[in-house]
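Peer 1: So that you have it, the file is final02.cif, and it contains mmCIF, C-alpha atoms:
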```
data_protein
#
loop_
_atom_site.label_atom_id
_atom_site.label_comp_id
_atom_site.auth_asym_id
_atom_site.auth_seq_id
_atom_site.Cartn_x
_atom_site.Cartn_y
_atom_site.Cartn_z
CA MET A 25 44.83 38.94 103.68
CA SER A 26 46.70 37.16 100.88
CA LEU A 27 46.27 37.95 97.21
CA GLN A 28 44.23 35.68 94.96
CA ILE A 29 45.84 34.81 91.64
CA GLU A 30 43.35 34.58 88.77
CA GLN A 31 45.71 34.17 85.80
CA ILE A 32 49.46 33.89 85.46
CA VAL A 33 51.69 33.09 82.51
CA LEU A 34 55.42 33.33 81.82
CA HIS A 35 57.28 34.00 78.57
CA GLN A 36 60.94 34.64 77.81
CA LEU A 37 62.94 37.22 75.89
CA ILE A 38 66.52 36.18 75.18
CA ARG A 39 68.89 38.73 73.68
CA LYS A 40 71.05 37.12 71.03
CA SER A 41 72.72 40.29 69.76
CA ASP A 42 72.18 44.04 69.59
CA THR A 43 69.66 43.50 66.81
CA GLU A 44 68.07 40.15 67.71
CA ILE A 45 65.93 39.04 70.65
CA GLU A 46 64.49 35.53 70.68
CA VAL A 47 60.92 35.18 71.94
CA ILE A 48 59.86 31.98 73.72
CA LEU A 49 56.11 31.91 74.33
CA ARG A 50 54.18 29.64 76.65
CA ASP A 51 50.88 28.31 75.25
CA THR A 52 49.02 27.65 78.49
CA PRO A 53 48.58 29.45 81.82
CA ILE A 54 50.49 28.26 84.85
CA ASN A 55 48.46 26.41 87.45
CA ASN A 56 48.43 27.98 90.88
CA SER A 57 50.74 26.31 93.35
CA ASP A 58 52.50 27.27 96.55
CA ALA A 59 55.61 28.11 94.51
CA VAL A 60 53.65 30.38 92.16
CA VAL A 61 51.98 32.21 95.05
CA GLU A 62 55.38 32.62 96.71
CA LEU A 63 56.80 34.01 93.46
CA ILE A 64 54.13 36.71 93.16
CA ASN A 65 54.31 37.53 96.88
CA GLU A 66 58.08 38.00 96.63
CA ILE A 67 57.76 40.22 93.56
CA ASN A 68 55.12 42.30 95.34
CA GLN A 69 57.30 42.64 98.41
CA VAL A 70 60.27 43.86 96.38
CA TYR A 71 58.00 46.14 94.38
CA ASN A 72 56.42 47.72 97.44
CA ASN A 73 59.83 48.45 98.98
CA LYS A 74 61.21 50.36 95.98
CA SER A 75 60.63 53.87 94.69
CA LYS A 76 57.83 54.05 92.14
CA ALA A 77 56.42 56.50 89.64
CA TYR A 78 52.69 56.93 89.04
CA GLY A 79 51.02 57.32 85.69
CA LEU A 80 48.14 56.75 83.31
CA PHE A 81 47.64 55.36 79.81
CA ASN A 82 47.83 57.59 76.75
CA GLU A 83 44.71 57.69 74.60
CA ASP A 84 46.49 55.74 71.83
CA SER A 85 48.05 53.12 74.12
CA VAL A 86 48.21 49.78 72.28
CA PHE A 87 48.75 47.95 75.56
CA ALA A 88 45.65 49.52 77.13
CA GLN A 89 43.62 48.56 74.08
CA SER A 90 44.79 44.95 74.43
CA VAL A 91 43.63 44.93 78.06
CA ARG A 92 40.24 46.28 76.98
CA GLU A 93 39.95 43.52 74.37
CA TYR A 94 40.71 40.92 77.03
CA TYR A 95 37.89 42.23 79.19
CA ALA A 96 35.58 42.35 76.18
CA ASN A 97 36.33 38.63 75.61
CA LYS A 98 37.91 39.41 72.23
CA GLN A 99 41.05 37.54 73.27
CA ASP A 100 42.02 35.24 76.12
CA PHE A 101 44.73 35.91 78.68
CA ILE A 102 47.29 33.75 76.88
CA HIS A 103 46.83 35.55 73.58
CA PHE A 104 46.93 38.91 75.33
CA SER A 105 50.19 38.05 77.10
CA GLN A 106 51.79 36.62 73.96
CA THR A 107 50.93 39.68 71.89
CA SER A 108 52.13 42.00 74.64
CA THR A 109 55.41 40.09 74.98
CA LYS A 110 56.08 40.53 71.27
CA GLN A 111 55.37 44.24 71.62
CA LEU A 112 57.79 44.38 74.55
CA ARG A 113 60.42 42.66 72.41
CA ASP A 114 59.98 45.33 69.73
CA GLU A 115 60.54 48.04 72.33
CA ILE A 116 63.45 46.41 74.18
CA ILE A 117 65.42 45.80 71.01
CA LYS A 118 65.80 49.58 70.62
CA TYR A 119 67.87 49.69 73.81
CA PRO A 120 71.20 47.78 73.88
CA PHE A 121 71.34 47.92 77.70
CA ALA A 122 68.08 45.96 78.04
CA GLU A 123 68.83 42.25 78.30
CA GLY A 124 65.35 40.74 78.32
CA GLY A 125 64.56 37.92 80.74
CA THR A 126 61.50 36.07 82.02
CA VAL A 127 58.34 38.08 81.38
CA ILE A 128 55.56 37.54 83.92
CA PHE A 129 51.94 38.53 83.44
CA CYS A 130 49.83 38.07 86.54
CA LEU A 131 46.19 38.98 87.06
CA TYR A 132 45.24 38.90 90.73
CA ARG A 133 42.88 40.28 93.34
CA TYR A 134 43.80 41.85 96.63
CA LEU A 135 41.05 43.01 98.97
CA SER A 136 38.41 44.58 96.70
CA ALA A 137 40.70 45.54 93.81
CA GLU A 138 41.91 43.69 90.71
CA TYR A 139 45.49 44.16 89.55
CA LEU A 140 47.59 43.32 86.53
CA MET A 141 51.31 42.98 87.16
CA ILE A 142 53.94 42.83 84.42
CA ALA A 143 57.51 42.03 85.44
CA VAL A 144 60.72 41.24 83.58
CA LEU A 145 63.16 39.26 85.74
CA ASN A 146 66.75 38.38 84.92
CA ASN A 147 67.64 34.70 84.73
CA CYS A 148 70.80 34.11 86.76
CA HIS A 149 73.18 31.16 86.96
CA SER A 150 74.31 29.65 90.24
CA LEU A 151 75.53 26.43 91.83
CA PHE A 152 74.01 24.08 94.38
CA ILE A 153 74.93 20.86 96.14
CA ASP A 154 72.61 17.93 95.44
CA ASP A 155 71.68 15.14 97.85
CA LYS A 156 74.77 13.19 96.75
CA LEU A 157 77.03 16.16 97.48
CA ASN A 158 77.69 16.86 93.83
CA VAL A 159 78.13 20.43 92.59
CA THR A 160 75.45 21.16 90.00
CA ASN A 161 74.54 24.15 87.83
CA THR A 162 71.18 25.78 88.36
CA GLN A 163 69.24 28.89 87.40
CA TYR A 164 67.10 31.27 89.42
CA LEU A 165 65.02 34.41 88.94
CA ASP A 166 66.73 37.49 90.33
CA ILE A 167 63.71 38.96 92.09
CA ALA A 168 65.69 41.01 94.60
CA HIS A 169 67.27 43.17 91.88
CA ALA A 170 64.20 43.50 89.66
CA ASP A 171 63.88 46.96 88.11
CA ILE A 172 61.30 46.35 85.36
CA ILE A 173 57.94 45.95 87.07
CA ALA A 174 54.64 47.70 86.49
CA ARG A 175 51.33 47.24 88.29
CA ILE A 176 47.96 48.45 87.07
CA ASP A 177 45.05 48.89 89.44
CA LEU A 178 42.43 47.68 86.97
CA THR A 179 39.57 48.51 89.31
CA GLU A 180 40.66 52.12 89.64
CA TRP A 181 41.37 52.40 85.90
CA ARG A 182 37.90 51.20 84.98
CA THR A 183 35.92 53.09 87.63
CA GLU A 184 37.81 56.36 88.21
CA THR A 185 38.15 57.97 84.80
CA ASP A 186 40.00 61.02 86.15
CA SER A 187 42.65 59.05 88.02
CA LYS A 188 46.31 59.79 87.22
CA ARG A 189 47.85 57.10 89.41
CA TYR A 190 46.30 53.71 88.59
CA LEU A 191 49.52 52.65 86.88
CA THR A 192 52.73 52.40 88.89
CA PHE A 193 56.21 51.36 87.79
CA LEU A 194 59.73 51.19 89.18
CA LYS A 195 62.24 53.89 88.39
CA GLY A 196 65.00 51.34 87.74
CA ARG A 197 68.68 51.02 88.68
CA VAL A 198 69.91 52.68 85.49
CA GLY A 199 67.70 55.71 85.90
CA ARG A 200 65.21 57.09 83.44
CA LYS A 201 66.29 54.81 80.57
CA VAL A 202 64.45 51.80 82.01
CA ALA A 203 61.42 53.89 82.93
CA ASP A 204 61.35 55.45 79.46
CA PHE A 205 61.28 52.25 77.41
CA PHE A 206 58.82 50.55 79.75
CA MET A 207 56.49 53.55 79.63
CA ASP A 208 56.78 53.56 75.83
CA TYR A 209 55.83 49.88 75.82
CA LEU A 210 52.83 50.51 78.09
CA GLY A 211 51.87 53.64 76.18
CA ALA A 212 51.71 55.61 79.41
CA THR A 213 52.60 59.02 80.83
CA GLU A 214 53.68 59.94 84.33
CA GLY A 215 50.67 61.44 86.11
CA VAL A 216 51.64 62.14 89.72
CA ASN A 217 55.27 62.85 90.63
CA ALA A 218 55.24 61.41 94.14
CA LYS A 219 58.83 62.41 94.91
CA LEU A 220 58.17 66.04 93.91
CA GLN A 221 54.88 66.11 95.85
CA ASN A 222 56.65 64.86 98.98
CA LYS A 223 59.54 67.28 98.52
CA ASN A 224 57.09 70.17 98.21
CA LEU A 225 55.23 68.96 101.29
CA VAL A 226 58.40 68.99 103.41
CA GLN A 227 59.17 72.51 102.18
CA ALA A 228 55.61 73.60 102.95
CA ILE A 229 55.89 72.20 106.48
CA ASP A 230 59.15 74.09 107.08
CA ASP A 231 57.72 77.33 105.70
CA TYR A 232 54.53 76.92 107.73
CA CYS A 233 56.53 76.45 110.92
CA GLN A 234 58.49 79.64 110.13
CA GLN A 235 55.35 81.67 109.47
CA ILE A 236 53.37 80.74 112.60
CA PRO A 237 56.11 81.07 114.08
CA LEU A 238 57.35 78.13 116.17
CA ASP A 239 60.48 77.93 118.26
CA LYS A 240 63.11 75.26 117.61
CA GLN A 241 61.60 72.67 119.94
CA GLN A 242 58.12 73.20 118.54
CA LYS A 243 59.44 72.86 114.97
CA GLN A 244 61.08 69.58 115.90
CA ALA A 245 57.82 68.32 117.41
CA CYS A 246 55.89 69.40 114.32
CA ARG A 247 58.21 67.58 111.92
CA GLN A 248 58.09 64.50 114.13
CA GLN A 249 54.28 64.55 113.93
CA VAL A 250 54.47 64.77 110.14
CA TYR A 251 56.98 61.93 110.05
CA ASP A 252 54.82 59.72 112.25
CA TYR A 253 51.75 60.37 110.10
CA CYS A 254 53.56 59.70 106.80
CA HIS A 255 55.23 56.60 108.20
CA ASP A 256 51.89 55.21 109.34
CA GLN A 257 50.39 55.87 105.90
CA LEU A 258 53.31 54.12 104.21
CA GLU A 259 53.09 51.09 106.48
CA THR A 260 49.37 50.66 105.85
CA GLY A 261 49.64 51.29 102.10
CA GLU A 262 47.61 54.50 102.30
CA GLU A 263 48.31 57.85 100.70
CA ILE A 264 48.97 61.21 102.34
CA GLU A 265 45.77 63.22 102.76
CA LEU A 266 46.42 66.91 103.35
CA ALA A 267 43.21 67.37 105.33
CA SER A 268 44.10 64.50 107.64
CA LEU A 269 47.73 65.61 107.97
CA ALA A 270 46.67 69.16 108.85
CA LYS A 271 44.88 67.86 111.94
CA ASN A 272 48.30 66.83 113.33
CA LEU A 273 49.82 70.31 112.94
CA PRO A 274 49.72 73.46 115.06
CA ASP A 275 46.90 75.75 113.98
CA ASN A 276 46.82 79.45 114.76
CA THR A 277 44.10 80.31 112.21
CA ASP A 278 40.70 78.96 111.27
CA ASN A 279 42.10 76.94 108.35
CA GLY A 280 45.68 76.50 109.48
CA PHE A 281 47.97 74.49 107.24
CA LEU A 282 45.37 73.86 104.52
CA ASP A 283 44.77 77.59 104.13
CA PHE A 284 48.53 78.19 104.06
CA VAL A 285 49.01 75.65 101.26
CA ARG A 286 46.12 76.99 99.18
CA GLN A 287 47.56 80.50 99.26
CA SER A 288 51.05 79.38 98.24
CA GLU A 289 52.74 77.92 95.13
CA TYR A 290 53.45 74.39 96.36
CA ASP A 291 51.04 72.79 93.86
CA LEU A 292 50.16 69.96 96.23
CA GLU A 293 47.49 67.41 95.39
CA GLN A 294 44.85 66.73 98.04
CA THR A 295 46.12 63.14 98.21
CA PHE A 296 49.38 61.61 96.96
CA PRO A 297 51.60 58.59 97.69
CA VAL A 298 54.30 58.62 100.37
CA ASP A 299 57.89 58.73 99.14
CA ARG A 300 60.45 57.05 101.42
CA SER A 301 63.17 59.62 100.72
CA ALA A 302 60.88 62.34 102.05
CA LEU A 303 60.56 60.44 105.30
CA ARG A 304 64.35 60.31 105.56
CA SER A 305 64.58 64.07 105.06
CA LEU A 306 62.13 64.62 107.90
CA LYS A 307 64.28 62.46 110.17
CA LYS A 308 67.60 64.20 109.56
CA TYR A 309 69.34 65.23 112.76
CA SER A 310 71.58 68.21 113.24
CA GLY A 311 73.18 70.14 116.08
CA SER A 312 74.60 68.94 119.35
CA GLY A 313 71.14 68.52 120.82
CA GLY A 314 70.28 65.71 118.41
CA GLY A 315 66.95 67.26 117.50
CA LEU A 316 65.27 67.28 114.15
CA SER A 317 66.63 70.04 111.91
#
```
Go ahead and render the structure in this file as structure tokens.
Peer 2:
Amino acid sequence: MSLQIEQIVLHQLIRKSDTEIEVILRDTPINNSDAVVELINEINQVYNNKSKAYGLFNEDSVFAQSVREYYANKQDFIHFSQTSTKQLRDEIIKYPFAEGGTVIFCLYRYLSAEYLMIAVLNNCHSLFIDDKLNVTNTQYLDIAHADIIARIDLTEWRTETDSKRYLTFLKGRVGRKVADFFMDYLGATEGVNAKLQNKNLVQAIDDYCQQIPLDKQQKQACRQQVYDYCHDQLETGEEIELASLAKNLPDNTDNGFLDFVRQSEYDLEQTFPVDRSALRSLKKYSGSGGGLS
């Protein structure tokens, strides 16, 4: 099922110097077209294929308050996006490495959930050949290398008050610096460390296999089962559920893996997102037999 765009608007931030960023604001929303739908689909595809962090708004988040005002009809989407772009400018200007770019605000629905996506894409120069075979300058949005994207599950934010993962954002090519200034702009805090949760899960699986105990072939089969489960969850956009995962593991006690985790110090959530790097660690091969290590 394709997503349904409700509102979309673009603005621009152009860095003039270390201390000046020009703001170019659009006054009207963009009408939906095939090109606009393709743009958002491409951003979503890139976003879904990259490592993300999961978080939640701070109590004093200015950005979150602006979203609330939009829903309370105290401001329209254009005004919300313009104000938020100016706030982003004020945050970006603190970081010389941040170049600005085209700022995209998109409100859309997918299945039964409503999402707000904010992305900052670099404007790149290129060349193309026109229909008269002349070489002409052109510009394009560098979606493939985007590293400043956040997505808020508005439905989860508004209905699940205890959630710590309704806000997701990219880690960024230059490490924590990008994540830091974007989180400052959003007024958010990391809630669930998916990479750490997955790392702890892999360690818990290895320790569990040692305790049962399992021989080498059985360990390999166990890790393959975990890999298959996590891969399926990733492909369908679902999270890891410990209770469901435990059903795929050897069980020599009444509670098996779940009981083992509860009695240990792994600090695993009952559900958490899949991290791709964890899948790779489960698939590492070693030894002349080519089995899973």
Peer 1: Run the PyMOL selection byres ((chain A and resi 283-298) around 7) mentally over the shown coordinates, then write out the matched residues as a list in words, using the chain letters and numbers from the document.
Peer 2: Ala218, Gln221, Asn222, Asn224, Ala228, Cys254, Leu258, Glu263, Ile264, Glu265, Leu266, Asn279, Gly280, Phe281, Leu282, Asp299 and Arg300 of chain A
Peer 1: Go through A:Arg247, A:Glu123, A:Leu80, A:Ala270 and flag the residue nearest A:Arg182, using only C-alpha atoms for the distances.
Peer 2: A:Leu80
Peer 1: I need the residue set behind the PyMOL selection byres ((chain A and resi 75) around 7) for this file; please write it as an MDAnalysis selection string.
Peer 2: chainID A and resid 73:74 76 194:195
Peer 1: Atoms to include: C-alpha atoms. Write the selected residues as a short mmCIF file (atom, residue, chain, number, x, y, z; two decimals), keeping the file's coordinate frame.
Peer 2:
```
data_model
loop_
_atom_site.label_atom_id
_atom_site.label_comp_id
_atom_site.auth_asym_id
_atom_site.auth_seq_id
_atom_site.Cartn_x
_atom_site.Cartn_y
_atom_site.Cartn_z
CA ASN A 73 59.83 48.45 98.98
CA LYS A 74 61.21 50.36 95.98
CA LYS A 76 57.83 54.05 92.14
CA LEU A 194 59.73 51.19 89.18
CA LYS A 195 62.24 53.89 88.39
#
```
Peer 1: Residues near A:Tyr78, anyone? I mean within 12 Å using all atoms listed in the file, not counting same-chain ones fewer than 5 positions away, as JSON, numbers by chain.
Peer 2: {"A": [174, 175, 176, 177, 187, 188, 189, 190, 191, 192, 193, 194, 195, 203, 207, 212, 213, 214, 215, 216, 217, 218, 219, 220, 221, 296, 297, 298, 299]}
Peer 1: With C-alpha atoms kept, could you save the residues just selected as a PDB file, in the frame of the given file?
Peer 2:
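Wrote out_0.pdb, looks like this:
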```pdb
ATOM      1  CA  ALA A 174      54.640  47.700  86.490  1.00  0.00           C
ATOM      2  CA  ARG A 175      51.330  47.240  88.290  1.00  0.00           C
ATOM      3  CA  ILE A 176      47.960  48.450  87.070  1.00  0.00           C
ATOM      4  CA  ASP A 177      45.050  48.890  89.440  1.00  0.00           C
ATOM      5  CA  SER A 187      42.650  59.050  88.020  1.00  0.00           C
ATOM      6  CA  LYS A 188      46.310  59.790  87.220  1.00  0.00           C
ATOM      7  CA  ARG A 189      47.850  57.100  89.410  1.00  0.00           C
ATOM      8  CA  TYR A 190      46.300  53.710  88.590  1.00  0.00           C
ATOM      9  CA  LEU A 191      49.520  52.650  86.880  1.00  0.00           C
ATOM     10  CA  THR A 192      52.730  52.400  88.890  1.00  0.00           C
ATOM     11  CA  PHE A 193      56.210  51.360  87.790  1.00  0.00           C
ATOM     12  CA  LEU A 194      59.730  51.190  89.180  1.00  0.00           C
ATOM     13  CA  LYS A 195      62.240  53.890  88.390  1.00  0.00           C
ATOM     14  CA  ALA A 203      61.420  53.890  82.930  1.00  0.00           C
ATOM     15  CA  MET A 207      56.490  53.550  79.630  1.00  0.00           C
ATOM     16  CA  ALA A 212      51.710  55.610  79.410  1.00  0.00           C
ATOM     17  CA  THR A 213      52.600  59.020  80.830  1.00  0.00           C
ATOM     18  CA  GLU A 214      53.680  59.940  84.330  1.00  0.00           C
ATOM     19  CA  GLY A 215      50.670  61.440  86.110  1.00  0.00           C
ATOM     20  CA  VAL A 216      51.640  62.140  89.720  1.00  0.00           C
ATOM     21  CA  ASN A 217      55.270  62.850  90.630  1.00  0.00           C
ATOM     22  CA  ALA A 218      55.240  61.410  94.140  1.00  0.00           C
ATOM     23  CA  LYS A 219      58.830  62.410  94.910  1.00  0.00           C
ATOM     24  CA  LEU A 220      58.170  66.040  93.910  1.00  0.00           C
ATOM     25  CA  GLN A 221      54.880  66.110  95.850  1.00  0.00           C
ATOM     26  CA  PHE A 296      49.380  61.610  96.960  1.00  0.00           C
ATOM     27  CA  PRO A 297      51.600  58.590  97.690  1.00  0.00           C
ATOM     28  CA  VAL A 298      54.300  58.620 100.370  1.00  0.00           C
ATOM     29  CA  ASP A 299      57.890  58.730  99.140  1.00  0.00           C
TER      30      ASP A 299
END
```
Peer 1: I would like the residues chosen by the PyMOL selection byres ((chain A and resi 118) around 12) on the shown file; could you give them as a list of chain:residue names?
Peer 2: A:Arg39, A:Ser41, A:Asp42, A:Thr43, A:Glu44, A:Ile45, A:Gln111, A:Leu112, A:Arg113, A:Asp114, A:Glu115, A:Ile116, A:Ile117, A:Tyr119, A:Pro120, A:Phe121, A:Ala122, A:Glu123, A:Gly124, A:Lys201, A:Val202, A:Asp204, A:Phe205, A:Phe206, A:Asp208, A:Tyr209
Peer 1: Could the residues in this selection be saved with C-alpha atoms as a JSON list (two decimals), in the frame of the given file?
Peer 2:
```
[["chain", "number", "residue", "atom", "x", "y", "z"],
["A", 39, "ARG", "CA", 68.89, 38.73, 73.68],
["A", 41, "SER", "CA", 72.72, 40.29, 69.76],
["A", 42, "ASP", "CA", 72.18, 44.04, 69.59],
["A", 43, "THR", "CA", 69.66, 43.50, 66.81],
["A", 44, "GLU", "CA", 68.07, 40.15, 67.71],
["A", 45, "ILE", "CA", 65.93, 39.04, 70.65],
["A", 111, "GLN", "CA", 55.37, 44.24, 71.62],
["A", 112, "LEU", "CA", 57.79, 44.38, 74.55],
["A", 113, "ARG", "CA", 60.42, 42.66, 72.41],
["A", 114, "ASP", "CA", 59.98, 45.33, 69.73],
["A", 115, "GLU", "CA", 60.54, 48.04, 72.33],
["A", 116, "ILE", "CA", 63.45, 46.41, 74.18],
["A", 117, "ILE", "CA", 65.42, 45.80, 71.01],
["A", 119, "TYR", "CA", 67.87, 49.69, 73.81],
["A", 120, "PRO", "CA", 71.20, 47.78, 73.88],
["A", 121, "PHE", "CA", 71.34, 47.92, 77.70],
["A", 122, "ALA", "CA", 68.08, 45.96, 78.04],
["A", 123, "GLU", "CA", 68.83, 42.25, 78.30],
["A", 124, "GLY", "CA", 65.35, 40.74, 78.32],
["A", 201, "LYS", "CA", 66.29, 54.81, 80.57],
["A", 202, "VAL", "CA", 64.45, 51.80, 82.01],
["A", 204, "ASP", "CA", 61.35, 55.45, 79.46],
["A", 205, "PHE", "CA", 61.28, 52.25, 77.41],
["A", 206, "PHE", "CA", 58.82, 50.55, 79.75],
["A", 208, "ASP", "CA", 56.78, 53.56, 75.83],
["A", 209, "TYR", "CA", 55.83, 49.88, 75.82]]
```
Peer 1: Taking all atoms listed in the file into account, which of A:Leu151, A:Val127, A:Ile102, A:Ala245 comes nearest A:Val47?
Peer 2: A:Val127
